[in-house]
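Source file: query22.cif. Holds: mmCIF, C-alpha atoms.
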```
data_work
#
loop_
_atom_site.label_atom_id
_atom_site.label_comp_id
_atom_site.auth_asym_id
_atom_site.auth_seq_id
_atom_site.Cartn_x
_atom_site.Cartn_y
_atom_site.Cartn_z
CA MET A 1 8.28 -4.94 37.84
CA ILE A 2 9.61 -2.07 35.75
CA THR A 3 8.76 -2.19 32.04
CA LEU A 4 10.51 -0.18 29.33
CA GLY A 5 8.57 0.29 26.10
CA ILE A 6 9.86 1.46 22.74
CA GLU A 7 7.47 3.05 20.22
CA GLY A 8 8.52 3.40 16.58
CA THR A 9 5.60 2.91 14.21
CA ALA A 10 5.90 6.15 12.20
CA HIS A 11 7.27 9.64 12.85
CA THR A 12 7.89 9.29 16.60
CA LEU A 13 10.60 7.38 18.44
CA GLY A 14 9.36 7.14 22.01
CA VAL A 15 10.57 5.38 25.13
CA GLY A 16 8.33 4.97 28.17
CA ILE A 17 8.91 3.40 31.55
CA VAL A 18 6.06 2.26 33.81
CA ASP A 19 5.56 0.22 36.95
CA ASP A 20 2.85 -2.37 37.67
CA GLU A 21 0.43 0.32 38.90
CA CYS A 22 0.62 2.15 35.56
CA ASN A 23 2.60 4.94 37.15
CA VAL A 24 4.44 6.53 34.25
CA LEU A 25 8.00 7.04 35.43
CA ALA A 26 9.21 8.43 32.11
CA ASN A 27 7.78 9.12 28.67
CA GLU A 28 10.45 10.59 26.39
CA LEU A 29 10.17 11.03 22.64
CA ASP A 30 11.75 12.57 19.58
CA MET A 31 9.65 13.27 16.49
CA PHE A 32 11.02 13.18 12.95
CA ARG A 33 10.26 16.42 11.12
CA PRO A 34 11.09 16.39 7.39
CA LYS A 35 12.64 19.55 5.98
CA GLU A 36 10.25 19.41 3.03
CA GLY A 37 7.51 17.18 1.66
CA GLY A 38 5.92 14.41 3.67
CA LEU A 39 7.19 11.57 5.82
CA HIS A 40 9.54 9.19 4.00
CA PRO A 41 9.76 5.85 5.86
CA ARG A 42 13.50 5.40 5.33
CA GLU A 43 14.32 8.94 6.43
CA ALA A 44 12.16 8.52 9.53
CA ALA A 45 13.87 5.20 10.29
CA ASN A 46 17.30 6.80 9.98
CA HIS A 47 16.16 9.44 12.45
CA HIS A 48 14.95 6.77 14.87
CA SER A 49 18.22 4.88 14.57
CA ASP A 50 20.17 8.06 15.35
CA VAL A 51 18.20 8.95 18.48
CA VAL A 52 17.02 5.66 20.01
CA SER A 53 19.96 5.11 22.35
CA THR A 54 19.82 8.74 23.50
CA ILE A 55 16.07 8.54 24.18
CA ILE A 56 16.49 5.28 26.11
CA ARG A 57 19.14 6.87 28.30
CA SER A 58 17.01 10.00 28.74
CA ALA A 59 14.01 7.92 29.85
CA VAL A 60 16.08 5.90 32.31
CA ASP A 61 17.51 9.09 33.79
CA LYS A 62 14.06 10.70 33.98
CA ALA A 63 12.68 7.64 35.77
CA GLY A 64 15.50 7.75 38.29
CA ILE A 65 16.41 4.11 37.74
CA SER A 66 19.25 2.15 36.17
CA LEU A 67 18.89 -0.21 33.23
CA SER A 68 19.46 -3.12 35.60
CA ASP A 69 16.11 -2.25 37.24
CA VAL A 70 14.22 -3.00 34.02
CA GLY A 71 12.45 -6.36 34.22
CA LEU A 72 10.68 -6.37 30.85
CA VAL A 73 11.17 -4.74 27.45
CA SER A 74 8.23 -4.20 25.10
CA PHE A 75 8.04 -2.61 21.67
CA SER A 76 5.54 -1.67 18.97
CA MET A 77 5.41 -4.74 16.71
CA GLY A 78 2.91 -3.10 14.34
CA PRO A 79 1.02 -1.83 12.48
CA GLY A 80 3.21 0.85 10.99
CA LEU A 81 5.97 1.72 8.55
CA GLY A 82 8.31 -1.22 8.06
CA PRO A 83 11.67 0.59 8.33
CA CYS A 84 10.55 2.45 11.47
CA LEU A 85 9.15 -0.69 13.09
CA ARG A 86 12.40 -2.53 12.46
CA VAL A 87 14.44 0.11 14.28
CA ALA A 88 12.23 -0.15 17.38
CA GLY A 89 12.20 -3.94 17.20
CA THR A 90 15.96 -4.23 16.79
CA ALA A 91 16.60 -1.84 19.67
CA ALA A 92 14.17 -3.76 21.91
CA ARG A 93 15.73 -7.12 21.10
CA ALA A 94 19.25 -5.83 21.67
CA LEU A 95 18.27 -4.27 24.99
CA ALA A 96 16.34 -7.31 26.23
CA CYS A 97 19.15 -9.68 25.30
CA SER A 98 21.84 -7.51 26.87
CA LEU A 99 19.84 -7.20 30.11
CA GLY A 100 18.74 -10.83 30.09
CA VAL A 101 15.06 -9.93 30.50
CA PRO A 102 11.89 -11.00 28.63
CA ILE A 103 10.61 -9.18 25.56
CA VAL A 104 7.02 -8.65 24.37
CA GLY A 105 5.90 -7.19 21.05
CA VAL A 106 2.57 -5.33 21.23
CA ASN A 107 -0.09 -4.02 18.90
CA HIS A 108 0.14 -0.23 18.62
CA CYS A 109 -3.64 0.29 18.27
CA VAL A 110 -4.47 -1.84 21.30
CA ALA A 111 -1.85 0.10 23.27
CA HIS A 112 -3.87 3.29 22.68
CA VAL A 113 -6.93 1.59 24.16
CA GLU A 114 -5.15 0.28 27.23
CA ILE A 115 -3.26 3.44 28.18
CA GLY A 116 -6.54 5.35 27.85
CA ARG A 117 -8.36 2.89 30.11
CA ALA A 118 -5.57 3.01 32.67
CA GLN A 119 -5.16 6.79 32.69
CA CYS A 120 -8.85 7.73 32.52
CA GLY A 121 -10.30 5.04 34.77
CA CYS A 122 -12.96 3.98 32.27
CA ASP A 123 -14.02 0.34 32.27
CA ASP A 124 -15.32 -0.86 28.94
CA PRO A 125 -15.37 1.97 26.40
CA ALA A 126 -15.74 2.14 22.68
CA LEU A 127 -12.57 3.76 21.35
CA LEU A 128 -12.50 6.28 18.54
CA TYR A 129 -8.92 5.84 17.43
CA ALA A 130 -8.05 8.77 15.19
CA SER A 131 -4.42 9.12 14.19
CA GLY A 132 -2.24 9.66 11.15
CA GLY A 133 -2.07 6.12 9.88
CA ASN A 134 -5.19 4.68 11.49
CA THR A 135 -8.84 5.56 11.93
CA GLN A 136 -10.93 2.90 13.66
CA VAL A 137 -13.82 2.47 16.08
CA ILE A 138 -12.78 -0.32 18.45
CA ALA A 139 -14.50 -2.11 21.31
CA PHE A 140 -13.92 -5.24 23.38
CA ALA A 141 -16.14 -8.22 22.57
CA GLU A 142 -15.67 -11.98 22.94
CA GLY A 143 -12.04 -11.92 23.97
CA ARG A 144 -10.69 -9.47 21.41
CA TYR A 145 -10.75 -5.82 20.49
CA ARG A 146 -13.09 -5.79 17.51
CA ILE A 147 -13.11 -3.18 14.76
CA PHE A 148 -16.67 -1.92 14.31
CA GLY A 149 -15.78 0.73 11.75
CA GLU A 150 -12.70 2.10 10.02
CA THR A 151 -11.40 4.19 7.16
CA GLN A 152 -11.56 2.63 3.72
CA ASP A 153 -8.70 4.71 2.35
CA ILE A 154 -6.44 6.77 4.63
CA GLY A 155 -6.37 7.77 8.29
CA VAL A 156 -7.89 11.10 9.23
CA GLY A 157 -4.50 12.42 10.36
CA ASN A 158 -2.93 11.44 7.04
CA MET A 159 -5.77 13.18 5.26
CA LEU A 160 -5.14 16.41 7.15
CA ASP A 161 -1.38 16.23 6.54
CA LYS A 162 -1.67 15.47 2.82
CA LEU A 163 -4.32 18.12 2.34
CA GLY A 164 -2.23 20.56 4.35
CA ARG A 165 0.68 20.09 1.93
CA GLU A 166 -1.62 20.63 -1.04
CA LEU A 167 -2.97 23.84 0.50
CA GLY A 168 0.47 25.18 1.47
CA MET A 169 0.16 24.63 5.23
CA GLY A 170 3.29 22.51 5.54
CA PHE A 171 3.62 19.07 7.08
CA TYR A 172 1.95 17.96 10.33
CA ALA A 173 -0.95 20.16 9.36
CA GLY A 174 -3.46 18.98 11.96
CA PRO A 175 -2.69 21.76 14.48
CA VAL A 176 -2.72 24.32 11.64
CA PHE A 177 -6.19 23.17 10.56
CA GLU A 178 -7.47 23.52 14.11
CA LYS A 179 -6.08 27.05 14.45
CA LEU A 180 -7.38 28.23 11.08
CA ALA A 181 -10.81 26.66 11.59
CA LYS A 182 -11.38 28.83 14.65
CA GLU A 183 -11.05 31.87 12.37
CA GLY A 184 -13.40 30.57 9.68
CA ASP A 185 -16.94 31.95 9.43
CA ARG A 186 -18.52 30.02 6.55
CA TYR A 187 -19.10 26.31 6.02
CA TYR A 188 -18.79 24.89 2.49
CA GLU A 189 -20.40 21.54 1.84
CA LEU A 190 -17.89 18.76 1.21
CA PRO A 191 -18.36 15.05 0.39
CA TYR A 192 -19.66 13.27 3.47
CA SER A 193 -18.59 9.69 2.89
CA VAL A 194 -20.00 7.31 5.49
CA LYS A 195 -20.49 3.79 4.16
CA GLY A 196 -22.26 1.69 6.75
CA MET A 197 -19.84 1.69 9.69
CA ASP A 198 -16.88 2.87 7.61
CA VAL A 199 -15.64 6.23 6.38
CA ALA A 200 -13.57 7.51 3.45
CA PHE A 201 -11.70 10.79 3.14
CA SER A 202 -10.24 10.93 -0.39
CA GLY A 203 -13.27 12.66 -1.91
CA LEU A 204 -13.23 15.26 0.84
CA MET A 205 -9.56 16.00 0.07
CA THR A 206 -10.19 16.49 -3.63
CA ALA A 207 -13.14 18.79 -3.00
CA ALA A 208 -11.21 20.87 -0.47
CA VAL A 209 -8.40 21.48 -2.98
CA ALA A 210 -11.02 22.55 -5.51
CA LEU A 211 -12.35 25.10 -3.03
CA GLN A 212 -8.92 26.73 -2.81
CA LYS A 213 -8.77 26.99 -6.59
CA LYS A 214 -12.09 28.86 -6.42
CA GLY A 215 -10.56 31.39 -4.05
CA VAL A 216 -12.20 30.19 -0.82
CA PRO A 217 -10.18 31.43 2.19
CA LEU A 218 -8.06 28.83 3.98
CA GLU A 219 -9.89 29.56 7.22
CA ASP A 220 -13.22 28.53 5.70
CA ILE A 221 -11.68 25.46 4.05
CA ALA A 222 -10.21 24.38 7.39
CA LEU A 223 -13.54 24.90 9.15
CA SER A 224 -15.39 22.93 6.45
CA VAL A 225 -12.87 20.06 6.45
CA GLN A 226 -12.93 19.69 10.23
CA GLU A 227 -16.72 19.88 10.53
CA THR A 228 -17.24 17.31 7.79
CA ALA A 229 -14.53 14.82 8.76
CA PHE A 230 -15.26 14.97 12.49
CA ALA A 231 -19.01 14.66 11.97
CA MET A 232 -18.34 11.48 9.98
CA LEU A 233 -16.23 10.08 12.82
CA THR A 234 -18.78 11.05 15.44
CA GLU A 235 -21.61 9.40 13.49
CA VAL A 236 -19.90 6.03 13.13
CA THR A 237 -18.76 6.13 16.75
CA GLU A 238 -22.31 6.71 17.94
CA ARG A 239 -23.62 3.93 15.72
CA ALA A 240 -21.01 1.54 17.12
CA MET A 241 -21.90 2.49 20.69
CA ALA A 242 -25.57 1.84 19.99
CA HIS A 243 -24.84 -1.46 18.27
CA ILE A 244 -22.73 -2.91 21.09
CA GLY A 245 -24.41 -1.15 24.00
CA LYS A 246 -21.45 0.84 25.35
CA ASP A 247 -22.04 3.81 27.66
CA GLU A 248 -18.42 4.99 27.60
CA VAL A 249 -16.43 6.40 24.71
CA LEU A 250 -12.67 6.93 24.76
CA LEU A 251 -10.66 9.06 22.33
CA GLY A 252 -7.15 8.05 21.31
CA GLY A 253 -4.57 8.85 18.66
CA GLY A 254 -2.92 12.12 17.70
CA VAL A 255 -6.05 13.68 16.18
CA ALA A 256 -7.79 13.20 19.54
CA GLN A 257 -5.84 16.27 20.66
CA ASN A 258 -8.13 18.40 18.47
CA ASN A 259 -10.58 20.29 20.67
CA ARG A 260 -13.29 20.46 18.02
CA LEU A 261 -13.33 16.66 17.67
CA ARG A 262 -13.49 16.37 21.45
CA ASP A 263 -16.44 18.77 21.62
CA MET A 264 -18.40 16.92 18.94
CA VAL A 265 -17.90 13.50 20.53
CA ALA A 266 -18.66 14.94 23.98
CA ASP A 267 -21.96 16.38 22.70
CA MET A 268 -22.87 13.04 21.18
CA ALA A 269 -22.01 11.15 24.36
CA HIS A 270 -23.98 13.60 26.51
CA ALA A 271 -27.04 13.20 24.27
CA ARG A 272 -26.81 9.44 24.75
CA GLY A 273 -26.34 9.66 28.51
CA ALA A 274 -22.83 8.28 28.08
CA GLU A 275 -19.42 9.38 29.39
CA MET A 276 -16.52 10.56 27.22
CA TYR A 277 -12.90 10.14 28.26
CA VAL A 278 -9.72 11.57 26.79
CA PRO A 279 -6.26 10.87 28.24
CA ASP A 280 -3.68 13.59 28.68
CA ARG A 281 -2.37 14.85 25.34
CA ARG A 282 1.00 13.15 25.86
CA PHE A 283 -0.83 9.80 25.86
CA CYS A 284 -2.98 10.63 22.82
CA MET A 285 0.04 10.95 20.55
CA ASP A 286 2.30 7.99 19.82
CA ASN A 287 4.38 7.35 22.94
CA GLY A 288 6.49 4.74 24.66
CA ALA A 289 4.48 4.67 27.91
CA MET A 290 1.49 3.06 26.21
CA ILE A 291 3.77 0.41 24.70
CA ALA A 292 5.32 -0.27 28.09
CA TRP A 293 1.94 -0.50 29.82
CA LEU A 294 0.42 -2.93 27.31
CA GLY A 295 3.60 -5.03 27.41
CA ALA A 296 3.32 -5.25 31.20
CA GLU A 297 -0.37 -6.20 31.01
CA MET A 298 0.35 -8.93 28.48
CA TYR A 299 3.30 -10.33 30.40
CA ASN A 300 1.45 -10.32 33.73
CA SER A 301 -1.42 -12.22 32.09
CA GLY A 302 0.93 -15.00 30.99
CA VAL A 303 2.02 -13.94 27.50
CA ARG A 304 5.58 -15.01 26.69
CA MET A 305 7.55 -14.46 23.50
CA ASP A 306 10.80 -15.87 22.25
CA VAL A 307 13.05 -13.45 20.40
CA SER A 308 12.36 -15.47 17.24
CA GLU A 309 8.66 -14.58 17.58
CA THR A 310 9.18 -10.82 17.62
CA ALA A 311 9.36 -10.05 13.90
CA VAL A 312 7.54 -6.80 13.10
CA ARG A 313 4.16 -6.88 11.36
CA GLN A 314 3.33 -3.87 9.19
CA ARG A 315 -0.33 -4.89 8.87
CA PHE A 316 -0.91 -6.12 12.39
CA ARG A 317 -4.69 -5.91 12.77
CA THR A 318 -6.25 -4.84 16.05
CA ASP A 319 -8.60 -7.81 16.09
CA GLU A 320 -5.76 -10.32 15.66
CA VAL A 321 -4.70 -9.84 19.30
CA GLU A 322 -6.00 -12.34 21.81
CA VAL A 323 -6.79 -10.22 24.88
CA THR A 324 -5.60 -12.35 27.77
CA TRP A 325 -5.55 -9.59 30.40
CA ARG A 326 -9.31 -8.88 30.42
CA SER A 327 -12.18 -11.15 31.37
#
```
Please express what this file holds, its structure, as structure tokens.
Amino acid sequence: MITLGIEGTAHTLGVGIVDDECNVLANELDMFRPKEGGLHPREAANHHSDVVSTIIRSAVDKAGISLSDVGLVSFSMGPGLGPCLRVAGTAARALACSLGVPIVGVNHCVAHVEIGRAQCGCDDPALLYASGGNTQVIAFAEGRYRIFGETQDIGVGNMLDKLGRELGMGFYAGPVFEKLAKEGDRYYELPYSVKGMDVAFSGLMTAAVALQKKGVPLEDIALSVQETAFAMLTEVTERAMAHIGKDEVLLGGGVAQNNRLRDMVADMAHARGAEMYVPDRRFCMDNGAMIAWLGAEMYNSGVRMDVSETAVRQRFRTDEVEVTWRS
């Protein structure tokens, strides 16, 4: 069966097409890039509405199929920005109804786990999910993906983007931080906020802005921010692995593209005698292929949804999903 997945939780409108063997036949996307300021949900949704039909057609062409070959449509039901989610959901419903095929709404966070497992070949990992809107440590236990730690304020990617605007780096500042940090040569202590299994980044942001006002070079601020934030994430990930006895760790989310974060988690895993896995960068960022793959897994395990059951859920928690496709 061919599954077409539509991703639209935040800045990216993505369309992926996969088969039952998790062969990715297409994975097309278009990212909203604001001219100034940060991401406004309505502006991003307008962008998604403008490009969704084009991206669907591009994915179908890339896959070398016709729309009539699609046997299932899936979409990101949540969590995410309401206006963006509604564009993806509306497009998925319209497509499924016009083709006369089933539709499945999926949890965006769980999709990151499943595409990572499928692409990397790991069995039962703990996932460090580090993205713009979400930061969680997730692992499978007792029929669900449980959250063993998470941010108490904002996602690590959001923190980098907001701080980047404050420091004059522009929006989507994560890659800029990584580049500047490589040029830094001095670490400045910043608030290290680990609270049990959870983390918080707002104090770190405030302190980093204060460093700039003191004349600290951006390179050193970037180095200090990365080292502090990523050490926090590595610590709670290791604690979760120890608590639940996992010997595999998987990275997912857009921030998982950062090489310094990868190195820190890899060092931790090696010290524990564990294995670290990271999917290809195109599957770390938000993408339609992961939505398609999770939709196919759910459908093949017996999950069925009526169109009336596919309303989007902005606060769709990872641990609300009953995992029917794993024993």
Could you build a table of the residues in segment 168-252 of chain A lying no more than 8 Å from segment 134-140 of chain A, giving for each the nearest pair of atoms and their separation in Å rounded to one decimal place, using all atoms listed in the file, ordered by chain and ascending residue number, as a Markdown table?
```
| residue | atom | partner | partner_atom | distance |
| --- | --- | --- | --- | --- |
| A:Val236 | CA | A:Val137 | CA | 7.6 |
| A:Thr237 | CA | A:Val137 | CA | 6.2 |
| A:Ala240 | CA | A:Val137 | CA | 7.3 |
```
Could you tell me which residues the PyMOL selection byres ((chain A and resi 193) around 9) grabs in this file, written as a PyMOL selection string? chain A and resi 191-192+194-195+198-201+203-204+229+232
Report the residues retrieved by the PyMOL selection byres ((chain A and resi 48-54) around 9) from the displayed file, expressed as a ChimeraX atom specification. /A:6,8,11-15,30-32,43-47,55-59,84,87-88,91
Could you state which residues are captured by the PyMOL selection byres ((chain A and resi 207) around 10) in this file, as a PyMOL selection string? chain A and resi 188-191+202-206+208-213+221+225
Could you write out that same residue set with C-alpha atoms as a PDB file, keeping the file's coordinate frame?
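That gives us out.pdb:
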```
ATOM      1  CA  TYR A 188     -18.790  24.890   2.490  1.00  0.00           C
ATOM      2  CA  GLU A 189     -20.400  21.540   1.840  1.00  0.00           C
ATOM      3  CA  LEU A 190     -17.890  18.760   1.210  1.00  0.00           C
ATOM      4  CA  PRO A 191     -18.360  15.050   0.390  1.00  0.00           C
ATOM      5  CA  SER A 202     -10.240  10.930  -0.390  1.00  0.00           C
ATOM      6  CA  GLY A 203     -13.270  12.660  -1.910  1.00  0.00           C
ATOM      7  CA  LEU A 204     -13.230  15.260   0.840  1.00  0.00           C
ATOM      8  CA  MET A 205      -9.560  16.000   0.070  1.00  0.00           C
ATOM      9  CA  THR A 206     -10.190  16.490  -3.630  1.00  0.00           C
ATOM     10  CA  ALA A 208     -11.210  20.870  -0.470  1.00  0.00           C
ATOM     11  CA  VAL A 209      -8.400  21.480  -2.980  1.00  0.00           C
ATOM     12  CA  ALA A 210     -11.020  22.550  -5.510  1.00  0.00           C
ATOM     13  CA  LEU A 211     -12.350  25.100  -3.030  1.00  0.00           C
ATOM     14  CA  GLN A 212      -8.920  26.730  -2.810  1.00  0.00           C
ATOM     15  CA  LYS A 213      -8.770  26.990  -6.590  1.00  0.00           C
ATOM     16  CA  ILE A 221     -11.680  25.460   4.050  1.00  0.00           C
ATOM     17  CA  VAL A 225     -12.870  20.060   6.450  1.00  0.00           C
TER      18      VAL A 225
END
```
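Our summary of the geometry notes that atom CA of Leu223 of chain A is positioned 5.7 Å from atom CA of Gly184 of chain A.
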